[in-house]
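Undergrad: Supplied structure: data_13.cif, mmCIF, C-alpha atoms; chains and numbers go by the auth columns.
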```
data_protein
#
loop_
_atom_site.group_PDB
_atom_site.id
_atom_site.type_symbol
_atom_site.label_atom_id
_atom_site.label_comp_id
_atom_site.label_asym_id
_atom_site.label_seq_id
_atom_site.Cartn_x
_atom_site.Cartn_y
_atom_site.Cartn_z
_atom_site.B_iso_or_equiv
_atom_site.auth_seq_id
_atom_site.auth_asym_id
ATOM 1 C CA MET A 1 0.000 0.000 0.000 0.00 14 A
ATOM 2 C CA PRO A 2 1.490 3.402 -0.958 0.00 15 A
ATOM 3 C CA SER A 3 2.275 5.991 1.668 0.00 16 A
ATOM 4 C CA SER A 4 -0.365 8.674 2.233 0.00 17 A
ATOM 5 C CA ALA A 5 2.256 11.199 1.095 0.00 18 A
ATOM 6 C CA GLU A 6 2.391 9.593 -2.359 0.00 19 A
ATOM 7 C CA PRO A 7 -0.269 10.328 -4.961 0.00 20 A
ATOM 8 C CA ALA A 8 -2.718 7.531 -5.571 0.00 21 A
ATOM 9 C CA PRO A 9 -2.521 5.825 -8.963 0.00 22 A
ATOM 10 C CA PRO A 10 -5.181 6.923 -11.456 0.00 23 A
ATOM 11 C CA THR A 11 -8.376 4.905 -11.200 0.00 24 A
ATOM 12 C CA GLY A 12 -9.967 6.066 -14.416 0.00 25 A
ATOM 13 C CA ILE A 13 -12.607 7.969 -12.452 0.00 26 A
ATOM 14 C CA HIS A 14 -12.432 11.714 -12.935 0.00 27 A
ATOM 15 C CA HIS A 15 -13.593 13.808 -10.005 0.00 28 A
ATOM 16 C CA THR A 16 -14.504 17.322 -10.951 0.00 29 A
ATOM 17 C CA GLY A 17 -13.316 20.147 -8.782 0.00 30 A
ATOM 18 C CA PRO A 18 -14.995 23.425 -7.981 0.00 31 A
ATOM 19 C CA PRO A 19 -16.601 25.279 -10.889 0.00 32 A
ATOM 20 C CA GLY A 20 -14.359 27.605 -12.826 0.00 33 A
ATOM 21 C CA PRO A 21 -11.236 27.461 -14.952 0.00 34 A
ATOM 22 C CA THR A 22 -8.339 25.186 -14.196 0.00 35 A
ATOM 23 C CA THR A 23 -4.721 25.597 -15.123 0.00 36 A
ATOM 24 C CA THR A 24 -1.547 23.612 -15.323 0.00 37 A
ATOM 25 C CA PRO A 25 1.012 23.728 -12.507 0.00 38 A
ATOM 26 C CA PRO A 26 3.260 26.807 -12.486 0.00 39 A
ATOM 27 C CA ALA A 27 6.311 24.867 -13.675 0.00 40 A
ATOM 28 C CA THR A 28 4.650 24.186 -17.035 0.00 41 A
ATOM 29 C CA GLN A 29 3.122 27.589 -17.514 0.00 42 A
ATOM 30 C CA SER A 30 4.943 30.372 -19.332 0.00 43 A
ATOM 31 C CA GLY A 31 4.947 33.916 -18.003 0.00 44 A
ATOM 32 C CA SER A 32 3.653 35.202 -14.726 0.00 45 A
ATOM 33 C CA GLY A 33 0.343 36.574 -15.960 0.00 46 A
ATOM 34 C CA SER A 34 -0.721 33.932 -18.453 0.00 47 A
ATOM 35 C CA GLY A 35 -3.548 31.466 -17.996 0.00 48 A
ATOM 36 C CA SER A 36 -6.345 31.374 -15.500 0.00 49 A
ATOM 37 C CA ARG A 37 -5.969 31.835 -11.799 0.00 50 A
ATOM 38 C CA VAL A 38 -6.278 28.849 -9.475 0.00 51 A
ATOM 39 C CA ILE A 39 -7.711 28.842 -5.994 0.00 52 A
ATOM 40 C CA PRO A 40 -6.589 25.727 -4.101 0.00 53 A
ATOM 41 C CA PHE A 41 -9.093 24.287 -1.698 0.00 54 A
ATOM 42 C CA GLY A 42 -7.285 22.451 1.090 0.00 55 A
ATOM 43 C CA ARG A 43 -10.360 21.475 3.077 0.00 56 A
ATOM 44 C CA ARG A 44 -12.167 18.355 1.998 0.00 57 A
ATOM 45 C CA ASN A 45 -15.894 18.087 2.351 0.00 58 A
ATOM 46 C CA THR A 46 -16.685 15.733 5.237 0.00 59 A
ATOM 47 C CA ARG A 47 -20.412 15.710 4.645 0.00 60 A
ATOM 48 C CA THR A 48 -22.307 12.785 3.242 0.00 61 A
ATOM 49 C CA GLY A 49 -25.890 12.743 2.040 0.00 62 A
ATOM 50 C CA ARG A 50 -28.571 14.581 4.025 0.00 63 A
ATOM 51 C CA GLY A 51 -26.107 16.803 5.885 0.00 64 A
ATOM 52 C CA ARG A 52 -24.586 14.098 8.084 0.00 65 A
ATOM 53 C CA ARG A 53 -20.876 14.333 8.796 0.00 66 A
ATOM 54 C CA THR A 54 -18.664 11.323 8.318 0.00 67 A
ATOM 55 C CA PRO A 55 -16.807 10.245 11.455 0.00 68 A
ATOM 56 C CA GLN A 56 -13.365 11.837 11.711 0.00 69 A
ATOM 57 C CA PRO A 57 -10.490 10.176 13.560 0.00 70 A
ATOM 58 C CA ALA A 58 -9.475 11.833 16.799 0.00 71 A
ATOM 59 C CA GLN A 59 -6.442 14.063 16.409 0.00 72 A
ATOM 60 C CA PRO A 60 -3.519 13.185 18.672 0.00 73 A
ATOM 61 C CA GLU A 61 -2.760 15.711 21.379 0.00 74 A
ATOM 62 C CA ARG A 62 0.141 17.872 20.348 0.00 75 A
ATOM 63 C CA VAL A 63 3.027 17.923 22.797 0.00 76 A
ATOM 64 C CA VAL A 64 5.428 20.856 22.615 0.00 77 A
ATOM 65 C CA ALA A 65 8.502 21.002 24.806 0.00 78 A
ATOM 66 C CA PRO A 66 8.695 23.970 27.184 0.00 79 A
ATOM 67 C CA GLY A 67 11.105 26.571 25.864 0.00 80 A
ATOM 68 C CA SER A 68 11.006 25.134 22.318 0.00 81 A
ATOM 69 C CA PRO A 69 10.828 27.524 19.348 0.00 82 A
ATOM 70 C CA GLU A 70 7.173 26.530 18.873 0.00 83 A
ATOM 71 C CA GLN A 71 6.399 27.390 22.497 0.00 84 A
ATOM 72 C CA GLN A 72 8.251 30.707 22.250 0.00 85 A
ATOM 73 C CA LEU A 73 6.393 31.618 19.045 0.00 86 A
ATOM 74 C CA ALA A 74 3.036 30.756 20.643 0.00 87 A
ATOM 75 C CA GLU A 75 3.860 32.878 23.692 0.00 88 A
ATOM 76 C CA THR A 76 4.898 35.793 21.465 0.00 89 A
ATOM 77 C CA ALA A 77 1.651 35.564 19.491 0.00 90 A
ATOM 78 C CA GLU A 78 -0.369 35.319 22.720 0.00 91 A
ATOM 79 C CA ALA A 79 1.392 38.378 24.171 0.00 92 A
ATOM 80 C CA TRP A 80 0.515 40.284 20.981 0.00 93 A
ATOM 81 C CA PHE A 81 -3.155 39.366 21.412 0.00 94 A
ATOM 82 C CA LEU A 82 -3.161 40.067 25.167 0.00 95 A
ATOM 83 C CA LYS A 83 -1.915 43.633 24.483 0.00 96 A
ATOM 84 C CA ARG A 84 -5.044 44.078 22.375 0.00 97 A
ATOM 85 C CA GLY A 85 -7.401 42.775 25.049 0.00 98 A
ATOM 86 C CA THR A 86 -8.015 39.276 23.694 0.00 99 A
ATOM 87 C CA SER A 87 -6.402 35.840 23.796 0.00 100 A
ATOM 88 C CA LEU A 88 -5.677 32.932 21.482 0.00 101 A
ATOM 89 C CA THR A 89 -7.113 30.665 24.178 0.00 102 A
ATOM 90 C CA ASP A 90 -10.530 32.113 23.307 0.00 103 A
ATOM 91 C CA GLU A 91 -12.064 29.754 20.714 0.00 104 A
ATOM 92 C CA THR A 92 -13.651 32.535 18.652 0.00 105 A
ATOM 93 C CA THR A 93 -10.418 34.517 18.533 0.00 106 A
ATOM 94 C CA ALA A 94 -8.417 31.375 17.687 0.00 107 A
ATOM 95 C CA ALA A 95 -10.839 30.476 14.878 0.00 108 A
ATOM 96 C CA THR A 96 -10.614 33.976 13.389 0.00 109 A
ATOM 97 C CA TYR A 97 -6.820 33.895 13.739 0.00 110 A
ATOM 98 C CA ARG A 98 -6.600 30.551 11.917 0.00 111 A
ATOM 99 C CA ALA A 99 -8.967 31.753 9.183 0.00 112 A
ATOM 100 C CA THR A 100 -6.788 34.817 8.656 0.00 113 A
ATOM 101 C CA LEU A 101 -3.665 32.679 8.378 0.00 114 A
ATOM 102 C CA ASP A 102 -5.489 30.383 5.929 0.00 115 A
ATOM 103 C CA LEU A 103 -6.086 33.484 3.807 0.00 116 A
ATOM 104 C CA VAL A 104 -2.384 34.390 4.066 0.00 117 A
ATOM 105 C CA GLN A 105 -1.529 30.840 2.931 0.00 118 A
ATOM 106 C CA LEU A 106 -3.912 31.217 -0.009 0.00 119 A
ATOM 107 C CA MET A 107 -2.059 34.392 -0.957 0.00 120 A
ATOM 108 C CA LEU A 108 1.293 32.580 -0.742 0.00 121 A
ATOM 109 C CA ASP A 109 -0.016 29.701 -2.865 0.00 122 A
ATOM 110 C CA GLY A 110 -1.260 32.186 -5.462 0.00 123 A
ATOM 111 C CA SER A 111 2.110 33.946 -5.412 0.00 124 A
ATOM 112 C CA LEU A 112 3.825 30.629 -6.108 0.00 125 A
ATOM 113 C CA HIS A 113 1.402 29.870 -8.921 0.00 126 A
ATOM 114 C CA GLU A 114 1.957 33.299 -10.464 0.00 127 A
ATOM 115 C CA GLN A 115 5.720 32.782 -10.042 0.00 128 A
ATOM 116 C CA ILE A 116 6.055 35.854 -7.819 0.00 129 A
ATOM 117 C CA VAL A 117 7.866 33.723 -5.243 0.00 130 A
ATOM 118 C CA GLY A 118 9.967 30.639 -5.933 0.00 131 A
ATOM 119 C CA GLU A 119 9.629 27.141 -4.488 0.00 132 A
ATOM 120 C CA ASP A 120 12.210 27.756 -1.727 0.00 133 A
ATOM 121 C CA GLU A 121 10.619 31.020 -0.601 0.00 134 A
ATOM 122 C CA HIS A 122 7.150 29.453 -0.682 0.00 135 A
ATOM 123 C CA ARG A 123 8.296 26.486 1.399 0.00 136 A
ATOM 124 C CA HIS A 124 10.010 28.778 3.933 0.00 137 A
ATOM 125 C CA LEU A 125 7.046 31.163 4.257 0.00 138 A
ATOM 126 C CA THR A 126 4.567 28.273 4.436 0.00 139 A
ATOM 127 C CA GLY A 127 6.556 26.811 7.335 0.00 140 A
ATOM 128 C CA MET A 128 6.386 30.141 9.129 0.00 141 A
ATOM 129 C CA VAL A 129 2.616 30.397 8.594 0.00 142 A
ATOM 130 C CA ARG A 130 2.141 26.824 9.866 0.00 143 A
ATOM 131 C CA GLY A 131 4.122 27.669 12.997 0.00 144 A
ATOM 132 C CA LEU A 132 1.934 30.700 13.619 0.00 145 A
ATOM 133 C CA ARG A 133 -1.243 28.740 12.843 0.00 146 A
ATOM 134 C CA ASP A 134 -0.368 26.152 15.497 0.00 147 A
ATOM 135 C CA ALA A 135 0.073 28.776 18.243 0.00 148 A
ATOM 136 C CA PRO A 136 -3.427 28.398 19.791 0.00 149 A
ATOM 137 C CA ASP A 137 -2.886 24.629 20.092 0.00 150 A
ATOM 138 C CA VAL A 138 0.441 25.123 21.876 0.00 151 A
ATOM 139 C CA LEU A 139 -0.955 27.449 24.555 0.00 152 A
#
```
Starting from the file, lay out its structure as structure tokens.

TA:
Amino acid sequence: MPSSAEPAPPTGIHHTGPPGPTTTPPATQSGSGSGSRVIPFGRRNTRTGRGRRTPQPAQPERVVAPGSPEQQLAETAEAWFLKRGTSLTDETTAATYRATLDLVQLMLDGSLHEQIVGEDEHRHLTGMVRGLRDAPDVL
């Protein structure tokens, strides 16, 4: 059985994506402004018929070592929010924070697609956004 990190072999079944134009990956596209724009959707629909959700496996509890870079980043982000009278431990604030960082990631993905940033820069910035996005879970 292939690793979950490897793409599955083609099955002959074509699943259509969201409505709208599609493009080829940035490596095969010429020029930064050519072709249609792509909006990647990272969230898979977990609903089945009649609005019922499919069971999702429990996520393992994340353990971060005290004093680790992840812990320090989470504390820095929390201090930033505390100065503004809110906290990342508040579920509504954390949800809005994550949604904002998802939008930042969408911008980075679009910048990669439009060849505004290269693969290395995209990977580096994506790692930084992921570290920030995990901050509420670390606190």

Undergrad: Show which residues sit within 6 Å of stretch 91-108 of chain A, as JSON, numbers by chain. Count only C-alpha atoms, and ignore same-chain residues fewer than 3 positions away.

TA: {"A": [88, 111, 149]}

Undergrad: Figure out the distance between atom CA of A:Leu116 and atom CA of A:Ala148, please, to one decimal in Å.

TA: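 Atom CA of A:Leu116 lies 16.4 Å from atom CA of A:Ala148.
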
Undergrad: Mind telling me what the PyMOL selection byres ((chain A and resi 144) around 12) catches here, as a ChimeraX atom specification?

TA: /A:77,81-90,111,114,118,137-143,145-151

Undergrad: Could you jot down the atom CA of A:Asp115 to atom CA of A:Pro70 separation for me, Å, one decimal place?

TA: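 Atom-to-atom, atom CA of A:Asp115 to atom CA of A:Pro70, that is 22.2 Å.
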
Undergrad: Would you mind reading off the distance between atom CA of A:Ile129 and atom CA of A:Tyr110, one decimal, in Å?

TA: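 Computing the Euclidean distance for atom CA of A:Ile129 and atom CA of A:Tyr110 yields 25.2 Å.
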